[in-house]
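Visitor: Provided below: my_file16.cif, containing mmCIF, C-alpha atoms.
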data_entry
loop_
_atom_site.group_PDB
_atom_site.id
_atom_site.type_symbol
_atom_site.label_atom_id
_atom_site.label_comp_id
_atom_site.auth_asym_id
_atom_site.auth_seq_id
_atom_site.Cartn_x
_atom_site.Cartn_y
_atom_site.Cartn_z
ATOM 1 C CA MET A 1 121.259 -76.629 -87.824
ATOM 2 C CA ASP A 2 123.558 -74.549 -85.639
ATOM 3 C CA PRO A 3 123.613 -70.874 -86.678
ATOM 4 C CA ASP A 4 127.222 -70.716 -85.510
ATOM 5 C CA GLU A 5 128.180 -73.490 -87.932
ATOM 6 C CA PRO A 6 131.296 -72.470 -89.901
ATOM 7 C CA ILE A 7 130.491 -71.038 -93.345
ATOM 8 C CA ASP A 8 132.899 -73.590 -94.933
ATOM 9 C CA LEU A 9 130.396 -76.292 -94.140
ATOM 10 C CA PHE A 10 127.952 -74.687 -96.584
ATOM 11 C CA ALA A 11 130.353 -75.493 -99.395
ATOM 12 C CA GLN A 12 129.611 -79.150 -98.738
ATOM 13 C CA LYS A 13 125.841 -78.752 -99.075
ATOM 14 C CA THR A 14 123.972 -79.458 -102.283
ATOM 15 C CA ASP A 15 122.402 -76.778 -104.411
ATOM 16 C CA ALA A 16 118.955 -77.983 -103.389
ATOM 17 C CA GLU A 17 119.780 -77.599 -99.688
ATOM 18 C CA LEU A 18 121.120 -74.092 -100.211
ATOM 19 C CA PHE A 19 118.062 -72.995 -102.215
ATOM 20 C CA PHE A 20 115.814 -74.470 -99.518
ATOM 21 C CA LEU A 21 117.579 -72.398 -96.834
ATOM 22 C CA ALA A 22 117.380 -69.215 -98.931
ATOM 23 C CA GLN A 23 113.717 -69.681 -99.834
ATOM 24 C CA GLN A 24 112.629 -70.535 -96.293
ATOM 25 C CA ALA A 25 114.316 -67.526 -94.715
ATOM 26 C CA GLN A 26 111.565 -67.060 -92.144
ATOM 27 C CA ARG A 27 112.237 -70.512 -90.677
ATOM 28 C CA PHE A 28 115.989 -70.126 -90.066
ATOM 29 C CA PRO A 29 118.261 -67.665 -88.315
ATOM 30 C CA PRO A 30 119.441 -64.729 -90.504
ATOM 31 C CA ALA A 31 123.095 -65.805 -90.266
ATOM 32 C CA VAL A 32 122.274 -69.220 -91.755
ATOM 33 C CA VAL A 33 120.232 -67.729 -94.574
ATOM 34 C CA GLN A 34 122.947 -65.176 -95.405
ATOM 35 C CA ALA A 35 125.615 -67.894 -95.488
ATOM 36 C CA ALA A 36 123.486 -69.997 -97.847
ATOM 37 C CA VAL A 37 122.923 -67.038 -100.154
ATOM 38 C CA ARG A 38 126.649 -66.200 -100.228
ATOM 39 C CA GLU A 39 127.473 -69.805 -101.175
ATOM 40 C CA LEU A 40 124.884 -69.726 -103.950
ATOM 41 C CA GLN A 41 126.428 -66.482 -105.177
ATOM 42 C CA ARG A 42 129.912 -68.069 -105.087
ATOM 43 C CA ARG A 43 128.662 -70.925 -107.224
ATOM 44 C CA GLY A 44 127.160 -68.429 -109.692
ATOM 45 C CA LEU A 45 123.622 -69.717 -109.135
ATOM 46 C CA VAL A 46 122.227 -66.345 -108.059
ATOM 47 C CA PRO A 47 123.422 -62.831 -108.957
ATOM 48 C CA ALA A 48 126.194 -61.485 -106.790
ATOM 49 C CA GLU A 49 124.096 -58.342 -106.227
ATOM 50 C CA ALA A 50 120.370 -58.622 -106.230
ATOM 51 C CA PRO A 51 118.607 -55.852 -108.189
ATOM 52 C CA ALA A 52 117.527 -52.956 -106.077
ATOM 53 C CA PRO A 53 113.837 -53.010 -105.226
ATOM 54 C CA PRO A 54 111.765 -50.526 -107.184
ATOM 55 C CA SER A 55 111.435 -47.150 -105.530
ATOM 56 C CA PRO A 56 108.036 -46.505 -104.018
ATOM 57 C CA PRO A 57 105.745 -44.253 -106.060
ATOM 58 C CA PRO A 58 105.751 -40.606 -104.994
ATOM 59 C CA PRO A 59 102.941 -39.611 -102.671
ATOM 60 C CA PRO A 60 99.947 -38.101 -104.479
ATOM 61 C CA LEU A 61 99.853 -34.325 -104.587
ATOM 62 C CA PRO A 62 97.200 -32.779 -102.399
ATOM 63 C CA ASP A 63 94.121 -31.633 -104.245
ATOM 64 C CA GLU A 64 94.193 -27.918 -105.028
ATOM 65 C CA SER A 65 91.390 -26.055 -103.330
ATOM 66 C CA THR A 66 88.839 -24.219 -105.421
ATOM 67 C CA GLY A 67 89.847 -20.899 -103.917
ATOM 68 C CA ARG A 68 93.512 -21.422 -104.732
ATOM 69 C CA LEU A 69 92.645 -22.486 -108.282
ATOM 70 C CA VAL A 70 90.562 -19.336 -108.782
ATOM 71 C CA LEU A 71 93.385 -17.155 -107.480
ATOM 72 C CA ARG A 72 95.893 -18.811 -109.815
ATOM 73 C CA SER A 73 93.553 -18.321 -112.777
ATOM 74 C CA LEU A 74 93.024 -14.645 -111.924
ATOM 75 C CA ARG A 75 96.749 -14.133 -111.552
ATOM 76 C CA ALA A 76 97.371 -15.695 -114.968
ATOM 77 C CA MET A 77 94.779 -13.373 -116.547
ATOM 78 C CA LEU A 78 95.779 -10.151 -114.801
ATOM 79 C CA TRP A 79 99.531 -10.436 -114.250
ATOM 80 C CA PRO A 80 101.757 -9.604 -117.260
ATOM 81 C CA SER A 81 104.359 -12.251 -118.067
ATOM 82 C CA GLY A 82 106.297 -13.522 -121.071
ATOM 83 C CA SER A 83 104.396 -13.423 -124.343
ATOM 84 C CA PHE A 84 101.167 -12.551 -122.488
ATOM 85 C CA PHE A 85 102.106 -9.063 -121.345
ATOM 86 C CA VAL A 86 100.147 -6.307 -123.126
ATOM 87 C CA THR A 87 96.776 -8.080 -122.894
ATOM 88 C CA PRO A 88 96.729 -8.196 -119.059
ATOM 89 C CA LEU A 89 97.942 -4.586 -118.933
ATOM 90 C CA LEU A 90 95.064 -3.433 -121.139
ATOM 91 C CA LEU A 91 92.584 -5.462 -119.112
ATOM 92 C CA ASP A 92 93.977 -4.114 -115.832
ATOM 93 C CA LEU A 93 93.749 -0.548 -117.119
ATOM 94 C CA ASN A 94 90.078 -1.017 -118.015
ATOM 95 C CA LEU A 95 89.350 -2.535 -114.599
ATOM 96 C CA ILE A 96 91.190 0.189 -112.680
ATOM 97 C CA ILE A 97 89.500 3.014 -114.563
ATOM 98 C CA TYR A 98 86.081 1.480 -114.008
ATOM 99 C CA ALA A 99 86.806 0.991 -110.300
ATOM 100 C CA LEU A 100 87.815 4.661 -109.965
ATOM 101 C CA LEU A 101 84.744 5.739 -111.913
ATOM 102 C CA ALA A 102 82.506 3.578 -109.720
ATOM 103 C CA LEU A 103 83.911 5.225 -106.586
ATOM 104 C CA THR A 104 82.797 8.651 -107.806
ATOM 105 C CA ALA A 105 79.531 7.627 -109.506
ATOM 106 C CA ALA A 106 76.131 7.947 -107.873
ATOM 107 C CA ASP A 107 75.327 4.445 -109.139
ATOM 108 C CA PRO A 108 78.529 2.352 -109.391
ATOM 109 C CA LEU A 109 76.773 -0.235 -111.580
ATOM 110 C CA ALA A 110 75.416 2.305 -114.071
ATOM 111 C CA PRO A 111 77.368 5.595 -114.306
ATOM 112 C CA SER A 112 75.405 8.482 -115.763
ATOM 113 C CA GLY A 113 76.155 10.166 -119.056
ATOM 114 C CA GLU A 114 77.405 13.281 -117.277
ATOM 115 C CA GLU A 115 79.807 11.206 -115.173
ATOM 116 C CA LEU A 116 81.137 9.463 -118.269
ATOM 117 C CA ILE A 117 81.724 12.816 -119.956
ATOM 118 C CA MET A 118 83.746 13.963 -116.941
ATOM 119 C CA TRP A 119 85.935 10.860 -117.279
ATOM 120 C CA GLY A 120 86.617 11.284 -121.010
ATOM 121 C CA SER A 121 83.833 9.752 -123.087
ATOM 122 C CA ASN A 122 83.603 10.385 -126.827
ATOM 123 C CA PHE A 123 81.152 13.297 -126.465
ATOM 124 C CA SER A 124 80.996 14.877 -129.898
ATOM 125 C CA PRO A 125 80.518 18.551 -128.837
ATOM 126 C CA LEU A 126 83.770 18.308 -126.848
ATOM 127 C CA THR A 127 85.705 15.834 -129.016
ATOM 128 C CA LEU A 128 85.168 17.948 -132.129
ATOM 129 C CA HIS A 129 85.969 21.233 -130.390
ATOM 130 C CA GLY A 130 89.356 21.033 -128.767
ATOM 131 C CA GLN A 131 89.415 17.657 -126.948
ATOM 132 C CA PRO A 132 90.394 15.034 -129.567
ATOM 133 C CA TRP A 133 92.020 12.912 -126.850
ATOM 134 C CA ARG A 134 88.503 11.656 -126.075
ATOM 135 C CA LEU A 135 88.800 9.464 -129.177
ATOM 136 C CA LEU A 136 91.198 7.317 -127.153
ATOM 137 C CA THR A 137 90.129 7.778 -123.523
ATOM 138 C CA SER A 138 86.593 6.671 -124.369
ATOM 139 C CA CYS A 139 88.004 3.248 -125.309
ATOM 140 C CA PHE A 140 88.864 2.601 -121.641
ATOM 141 C CA LEU A 141 85.499 3.651 -120.192
ATOM 142 C CA HIS A 142 82.452 1.415 -119.765
ATOM 143 C CA GLY A 143 78.834 2.114 -118.961
ATOM 144 C CA GLY A 144 78.308 -0.809 -116.580
ATOM 145 C CA MET A 145 79.623 -4.085 -115.218
ATOM 146 C CA ALA A 146 78.056 -6.194 -117.978
ATOM 147 C CA HIS A 147 79.601 -3.929 -120.614
ATOM 148 C CA LEU A 148 83.007 -4.241 -118.949
ATOM 149 C CA LEU A 149 82.716 -8.019 -118.546
ATOM 150 C CA LEU A 150 81.834 -8.663 -122.200
ATOM 151 C CA ASN A 151 84.645 -6.482 -123.502
ATOM 152 C CA GLY A 152 87.110 -7.937 -120.995
ATOM 153 C CA LEU A 153 86.349 -11.491 -122.106
ATOM 154 C CA GLY A 154 86.700 -10.481 -125.746
ATOM 155 C CA LEU A 155 90.048 -8.846 -125.012
ATOM 156 C CA LEU A 156 91.311 -11.955 -123.219
ATOM 157 C CA PHE A 157 90.231 -14.245 -126.048
ATOM 158 C CA LEU A 158 91.730 -12.138 -128.832
ATOM 159 C CA GLY A 159 94.812 -11.062 -126.899
ATOM 160 C CA SER A 160 95.752 -14.651 -126.045
ATOM 161 C CA LEU A 161 95.634 -15.473 -129.771
ATOM 162 C CA LEU A 162 97.211 -12.350 -131.215
ATOM 163 C CA GLU A 163 99.899 -11.319 -128.752
ATOM 164 C CA PRO A 164 102.149 -14.372 -129.359
ATOM 165 C CA LEU A 165 101.766 -13.804 -133.112
ATOM 166 C CA LEU A 166 102.141 -10.030 -133.269
ATOM 167 C CA GLY A 167 104.362 -9.256 -130.319
ATOM 168 C CA ARG A 168 103.708 -6.661 -127.639
ATOM 169 C CA GLY A 169 104.213 -3.491 -129.653
ATOM 170 C CA ARG A 170 102.075 -4.511 -132.642
ATOM 171 C CA LEU A 171 99.211 -5.701 -130.440
ATOM 172 C CA LEU A 172 99.211 -2.507 -128.388
ATOM 173 C CA GLY A 173 99.429 -0.350 -131.498
ATOM 174 C CA GLY A 174 96.676 -2.318 -133.222
ATOM 175 C CA PHE A 175 94.367 -1.995 -130.201
ATOM 176 C CA LEU A 176 94.856 1.767 -129.932
ATOM 177 C CA VAL A 177 94.561 2.445 -133.680
ATOM 178 C CA CYS A 178 91.416 0.338 -133.960
ATOM 179 C CA GLY A 179 89.903 2.046 -130.927
ATOM 180 C CA ILE A 180 90.520 5.481 -132.444
ATOM 181 C CA GLY A 181 89.166 4.263 -135.790
ATOM 182 C CA GLY A 182 85.968 3.143 -134.080
ATOM 183 C CA SER A 183 85.609 6.487 -132.280
ATOM 184 C CA LEU A 184 86.082 8.427 -135.541
ATOM 185 C CA ALA A 185 83.471 6.274 -137.273
ATOM 186 C CA SER A 186 81.067 6.965 -134.412
ATOM 187 C CA LEU A 187 81.513 10.716 -134.813
ATOM 188 C CA TRP A 188 81.133 10.499 -138.575
ATOM 189 C CA TRP A 189 77.962 8.397 -138.460
ATOM 190 C CA ASN A 190 76.184 10.079 -135.533
ATOM 191 C CA THR A 191 75.940 13.557 -137.033
ATOM 192 C CA ALA A 192 73.344 14.598 -134.470
ATOM 193 C CA GLY A 193 75.820 14.010 -131.654
ATOM 194 C CA VAL A 194 77.016 11.051 -129.609
ATOM 195 C CA ASN A 195 78.273 10.205 -126.127
ATOM 196 C CA SER A 196 80.062 6.901 -126.604
ATOM 197 C CA VAL A 197 82.227 4.729 -124.346
ATOM 198 C CA GLY A 198 83.695 1.243 -124.417
ATOM 199 C CA ALA A 199 86.503 -0.858 -125.798
ATOM 200 C CA SER A 200 84.135 -2.510 -128.277
ATOM 201 C CA GLY A 201 85.543 -0.607 -131.253
ATOM 202 C CA ALA A 202 89.058 -1.760 -130.396
ATOM 203 C CA ILE A 203 87.807 -5.321 -129.719
ATOM 204 C CA PHE A 204 86.082 -5.503 -133.103
ATOM 205 C CA GLY A 205 89.242 -4.071 -134.588
ATOM 206 C CA LEU A 206 91.178 -7.025 -133.210
ATOM 207 C CA TYR A 207 88.595 -9.354 -134.771
ATOM 208 C CA GLY A 208 89.197 -7.666 -138.101
ATOM 209 C CA LEU A 209 92.965 -7.778 -137.619
ATOM 210 C CA LEU A 210 92.912 -11.513 -136.880
ATOM 211 C CA LEU A 211 90.590 -12.150 -139.814
ATOM 212 C CA ALA A 212 92.936 -10.278 -142.165
ATOM 213 C CA LEU A 213 95.930 -12.259 -140.922
ATOM 214 C CA LEU A 214 94.032 -15.495 -141.532
ATOM 215 C CA LEU A 215 93.005 -14.450 -145.023
ATOM 216 C CA THR A 216 96.534 -13.369 -145.961
ATOM 217 C CA ARG A 217 97.970 -16.603 -144.488
ATOM 218 C CA ALA A 218 100.331 -14.579 -142.311
ATOM 219 C CA VAL A 219 99.675 -16.812 -139.292
ATOM 220 C CA PRO A 220 101.438 -20.158 -138.692
ATOM 221 C CA PHE A 221 98.322 -22.282 -139.217
ATOM 222 C CA GLY A 222 97.596 -25.006 -141.706
ATOM 223 C CA ARG A 223 94.605 -24.781 -144.048
ATOM 224 C CA SER A 224 92.189 -26.633 -141.760
ATOM 225 C CA GLN A 225 93.321 -24.622 -138.746
ATOM 226 C CA ARG A 226 92.826 -21.338 -140.590
ATOM 227 C CA ARG A 227 89.359 -22.413 -141.678
ATOM 228 C CA THR A 228 88.367 -23.398 -138.147
ATOM 229 C CA MET A 229 89.750 -20.172 -136.688
ATOM 230 C CA MET A 230 87.885 -18.065 -139.270
ATOM 231 C CA TRP A 231 84.607 -19.729 -138.277
ATOM 232 C CA PHE A 232 85.345 -18.878 -134.641
ATOM 233 C CA VAL A 233 86.082 -15.264 -135.558
ATOM 234 C CA PHE A 234 82.912 -14.924 -137.654
ATOM 235 C CA TYR A 235 80.808 -16.517 -134.914
ATOM 236 C CA PHE A 236 81.994 -14.258 -132.095
ATOM 237 C CA MET A 237 82.035 -11.178 -134.299
ATOM 238 C CA LEU A 238 78.488 -11.670 -135.603
ATOM 239 C CA ASN A 239 77.285 -12.677 -132.158
ATOM 240 C CA GLY A 240 78.561 -9.362 -130.822
ATOM 241 C CA LEU A 241 76.927 -7.384 -133.606
ATOM 242 C CA VAL A 242 73.558 -9.160 -133.556
ATOM 243 C CA GLY A 243 73.440 -9.367 -129.762
ATOM 244 C CA GLY A 244 73.421 -5.590 -129.460
ATOM 245 C CA LEU A 245 70.802 -4.770 -132.066
ATOM 246 C CA GLY A 246 68.114 -4.031 -129.519
ATOM 247 C CA GLY A 247 70.148 -1.969 -127.084
ATOM 248 C CA ASN A 248 71.753 1.457 -126.917
ATOM 249 C CA ILE A 249 74.803 0.228 -128.803
ATOM 250 C CA ASP A 250 77.183 2.279 -130.913
ATOM 251 C CA HIS A 251 77.340 0.020 -133.953
ATOM 252 C CA ALA A 252 79.192 2.663 -135.925
ATOM 253 C CA ALA A 253 82.130 2.275 -133.511
ATOM 254 C CA HIS A 254 81.983 -1.511 -133.884
ATOM 255 C CA LEU A 255 82.050 -1.387 -137.672
ATOM 256 C CA GLY A 256 84.621 1.401 -137.744
ATOM 257 C CA GLY A 257 86.920 -0.592 -135.504
ATOM 258 C CA LEU A 258 86.317 -3.724 -137.573
ATOM 259 C CA PHE A 259 87.276 -2.090 -140.874
ATOM 260 C CA THR A 260 90.264 -0.387 -139.241
ATOM 261 C CA GLY A 261 91.404 -3.786 -137.980
ATOM 262 C CA LEU A 262 91.038 -5.318 -141.429
ATOM 263 C CA LEU A 263 93.232 -2.564 -142.838
ATOM 264 C CA VAL A 264 95.848 -2.905 -140.092
ATOM 265 C CA GLY A 265 95.846 -6.695 -140.453
ATOM 266 C CA ALA A 266 96.309 -6.448 -144.221
ATOM 267 C CA ILE A 267 99.334 -4.209 -143.681
ATOM 268 C CA LEU A 268 100.824 -6.438 -140.986
ATOM 269 C CA GLY A 269 100.137 -9.504 -143.132
ATOM 270 C CA ARG A 270 102.718 -8.258 -145.627
ATOM 271 C CA THR A 271 105.438 -8.254 -142.940
ATOM 272 C CA ARG A 272 107.053 -11.144 -141.104
ATOM 273 C CA LEU A 273 105.387 -11.456 -137.721
ATOM 274 C CA PRO A 274 107.384 -12.450 -134.594
ATOM 275 C CA GLY A 275 105.281 -15.586 -134.020
ATOM 276 C CA ALA A 276 105.050 -16.666 -137.641
ATOM 277 C CA THR A 277 106.767 -19.791 -138.948
ATOM 278 C CA GLU A 278 106.806 -21.493 -142.302
ATOM 279 C CA THR A 279 103.766 -23.708 -142.766
ATOM 280 C CA SER A 280 102.017 -25.539 -145.564
#
Mind turning this structure into structure tokens?
Guide:
Amino acid sequence: MDPDEPIDLFAQKTDAELFFLAQQAQRFPPAVVQAAVRELQRRGLVPAEAPAPPSPPPPPLPDESTGRLVLRSLRAMLWPSGSFFVTPLLLDLNLIIYALLALTAADPLAPSGEELIMWGSNFSPLTLHGQPWRLLTSCFLHGGMAHLLLNGLGLLFLGSLLEPLLGRGRLLGGFLVCGIGGSLASLWWNTAGVNSVGASGAIFGLYGLLLALLLTRAVPFGRSQRRTMMWFVFYFMLNGLVGGLGGNIDHAAHLGGLFTGLLVGAILGRTRLPGATETS
């Protein structure tokens, strides 16, 4: 067949001949195949416009390196943004203060009692005689890296739950009030004197606050969700209390913060929280 054959001649061919030319495209010149296809289209035997071929799948994204993943995770924990704003700020403040303390301490991993007093610990002879600000500053001091790590993880866990529910101002206020409540309880219980540091009182206060919100049904959780969350709270709270029974732990601050948090949570539970919605 001559490729230069006039296209009109294809009108004289049978349907079978035209389909044969179109299906055996590799055996005939392109011009012949195109002419056969156009004639089939004119006869209405094939669509006038063939459907567009499916687009190729997008290339797979490169695997994220471990280092980059760690940096992204750290940024998410430490950089304030959106509804997770106060929690990173509190964590950053604890980290910065410990770093500054470590730079001046003889042993950066275990600052001495005298060094902690210089930085604002809850040292009863000074707190009770003209330096009440130590009730608050002591909540941002820690006696070692392990102490800082445990409290930092607790703050991240509770802050990620509570900040979207309470809002920035209520979470910050609750943390500070519970920390002061824990410091006051420590002074009241340790009548012989105390030199206390750590955010544990404020952390236990947030446990109590969350527990009160769950009990008053002020959080947007269903019954089963509230029950599950209460078990989580009890587990971590009791684990923190029992885990420190053998060490030099200020349990009075823990319990004082806890009861302060229960009181604050009961008060907040009677108001409409920013993150609360109607639920059954």
Visitor: Applying the PyMOL selection byres ((chain A and resi 263-267) around 6) to the file I just gave you, which residues come out? Please list them as an MDAnalysis selection string.
Guide: chainID A and resid 209 212:213 260:262 268:270
Visitor: Suppose we keep C-alpha atoms; can you now write the selection as a short mmCIF file (atom, residue, chain, number, x, y, z; two decimals), in the frame of the given file?
Guide:
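Dumped everything to again_31.cif:
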data_model
loop_
_atom_site.label_atom_id
_atom_site.label_comp_id
_atom_site.auth_asym_id
_atom_site.auth_seq_id
_atom_site.Cartn_x
_atom_site.Cartn_y
_atom_site.Cartn_z
CA LEU A 209 92.96 -7.78 -137.62
CA ALA A 212 92.94 -10.28 -142.16
CA LEU A 213 95.93 -12.26 -140.92
CA THR A 260 90.26 -0.39 -139.24
CA GLY A 261 91.40 -3.79 -137.98
CA LEU A 262 91.04 -5.32 -141.43
CA LEU A 268 100.82 -6.44 -140.99
CA GLY A 269 100.14 -9.50 -143.13
CA ARG A 270 102.72 -8.26 -145.63
#
Visitor: Using the chain letters and residue numbers of this document, give as a VMD selection string the residues selected by the PyMOL selection byres ((chain A and resi 91) around 12).
Guide: chain A and resid 74 77 to 80 84 to 90 92 to 98 139 to 141 148 to 160 172 175 199 203
Visitor: When you look at A:Val197 with a cut-off of 12 Å (counting all atoms listed in the file), what residues show up, excluding the ones that are within fewer than 4 positions of it in the same chain? I need them as a CSV table (one decimal) with C-alpha atoms, in the frame of the given file.
Guide:
chain,number,residue,atom,x,y,z
A,94,ASN,CA,90.1,-1.0,-118.0
A,98,TYR,CA,86.1,1.5,-114.0
A,111,PRO,CA,77.4,5.6,-114.3
A,112,SER,CA,75.4,8.5,-115.8
A,113,GLY,CA,76.2,10.2,-119.1
A,115,GLU,CA,79.8,11.2,-115.2
A,116,LEU,CA,81.1,9.5,-118.3
A,117,ILE,CA,81.7,12.8,-120.0
A,118,MET,CA,83.7,14.0,-116.9
A,119,TRP,CA,85.9,10.9,-117.3
A,120,GLY,CA,86.6,11.3,-121.0
A,121,SER,CA,83.8,9.8,-123.1
A,122,ASN,CA,83.6,10.4,-126.8
A,123,PHE,CA,81.2,13.3,-126.5
A,124,SER,CA,81.0,14.9,-129.9
A,134,ARG,CA,88.5,11.7,-126.1
A,135,LEU,CA,88.8,9.5,-129.2
A,136,LEU,CA,91.2,7.3,-127.2
A,137,THR,CA,90.1,7.8,-123.5
A,138,SER,CA,86.6,6.7,-124.4
A,139,CYS,CA,88.0,3.2,-125.3
A,140,PHE,CA,88.9,2.6,-121.6
A,141,LEU,CA,85.5,3.7,-120.2
A,142,HIS,CA,82.5,1.4,-119.8
A,143,GLY,CA,78.8,2.1,-119.0
A,144,GLY,CA,78.3,-0.8,-116.6
A,147,HIS,CA,79.6,-3.9,-120.6
A,148,LEU,CA,83.0,-4.2,-118.9
A,151,ASN,CA,84.6,-6.5,-123.5
A,179,GLY,CA,89.9,2.0,-130.9
A,180,ILE,CA,90.5,5.5,-132.4
A,182,GLY,CA,86.0,3.1,-134.1
A,183,SER,CA,85.6,6.5,-132.3
A,186,SER,CA,81.1,7.0,-134.4
A,201,GLY,CA,85.5,-0.6,-131.3
A,202,ALA,CA,89.1,-1.8,-130.4
A,248,ASN,CA,71.8,1.5,-126.9
A,249,ILE,CA,74.8,0.2,-128.8
A,250,ASP,CA,77.2,2.3,-130.9
A,251,HIS,CA,77.3,0.0,-134.0
A,253,ALA,CA,82.1,2.3,-133.5
A,254,HIS,CA,82.0,-1.5,-133.9
Visitor: As JSON, what would the box around stretch 110-119 of chain A look like: edges along x, y and z, 6 Å added on every side, centre and edge lengths in Å to one decimal?
Guide:
{"center_x": 80.7, "center_y": 8.1, "center_z": -117.0, "size_x": 22.5, "size_y": 23.7, "size_z": 17.9}
Visitor: Output the residue selection produced by the PyMOL selection byres ((chain A and resi 22-28) around 12) on the file above, formatted as a ChimeraX atom specification.
Guide: /A:1-3,15-21,29-41,45-46
Visitor: If you measure from atom CA of A:Arg75 to atom CA of A:Pro274, what distance in Å do you get, rounded to one decimal?
Guide: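 Separation of atom CA of A:Arg75 and atom CA of A:Pro274: 25.4 Å.
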Visitor: Please, what distance in Å, to one decimal, runs between atom CA of A:Gly181 and atom CA of A:Gly256?
Guide: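 Value for the atom CA of A:Gly181-atom CA of A:Gly256 distance: 5.7 Å.
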Visitor: With all atoms listed in the file as the basis for distance, which of A:Pro108, A:Gly173, A:Gly167, A:Gly257 is at the shortest distance from A:Arg272?
Guide: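 Nearest to A:Arg272: A:Gly167.
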Visitor: I need the residue nearest A:Arg227 from this list: A:Ala11, A:Val242, A:Val70, A:Leu211. Use all atoms listed in the file for the distance.
Guide: A:Leu211
Visitor: What does the distance between atom CA of A:Leu161 and atom CA of A:Leu214 come to in Å, to one decimal place?
Guide: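 These two atoms are separated by 11.9 Å.
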Visitor: Give me the residues near A:Gln225 as a CSV table (one decimal) with C-alpha atoms, in the coordinates of the input, where near means some atom within 12 Å (using only C-alpha atoms) and where sequence neighbours in that chain fewer than 4 positions away do not count.
Guide:
chain,number,residue,atom,x,y,z
A,214,LEU,CA,94.0,-15.5,-141.5
A,215,LEU,CA,93.0,-14.4,-145.0
A,217,ARG,CA,98.0,-16.6,-144.5
A,219,VAL,CA,99.7,-16.8,-139.3
A,220,PRO,CA,101.4,-20.2,-138.7
A,221,PHE,CA,98.3,-22.3,-139.2
A,229,MET,CA,89.8,-20.2,-136.7
A,230,MET,CA,87.9,-18.1,-139.3
A,231,TRP,CA,84.6,-19.7,-138.3
A,232,PHE,CA,85.3,-18.9,-134.6
A,279,THR,CA,103.8,-23.7,-142.8
A,280,SER,CA,102.0,-25.5,-145.6
Visitor: Near A:Pro125, counting all atoms listed in the file, which residues have an atom at most 12 Å away, once you skip same-chain residues fewer than 6 positions from it, shown as a PyMOL selection string?
Guide: chain A and resi 117+131-132+134+187+190-196
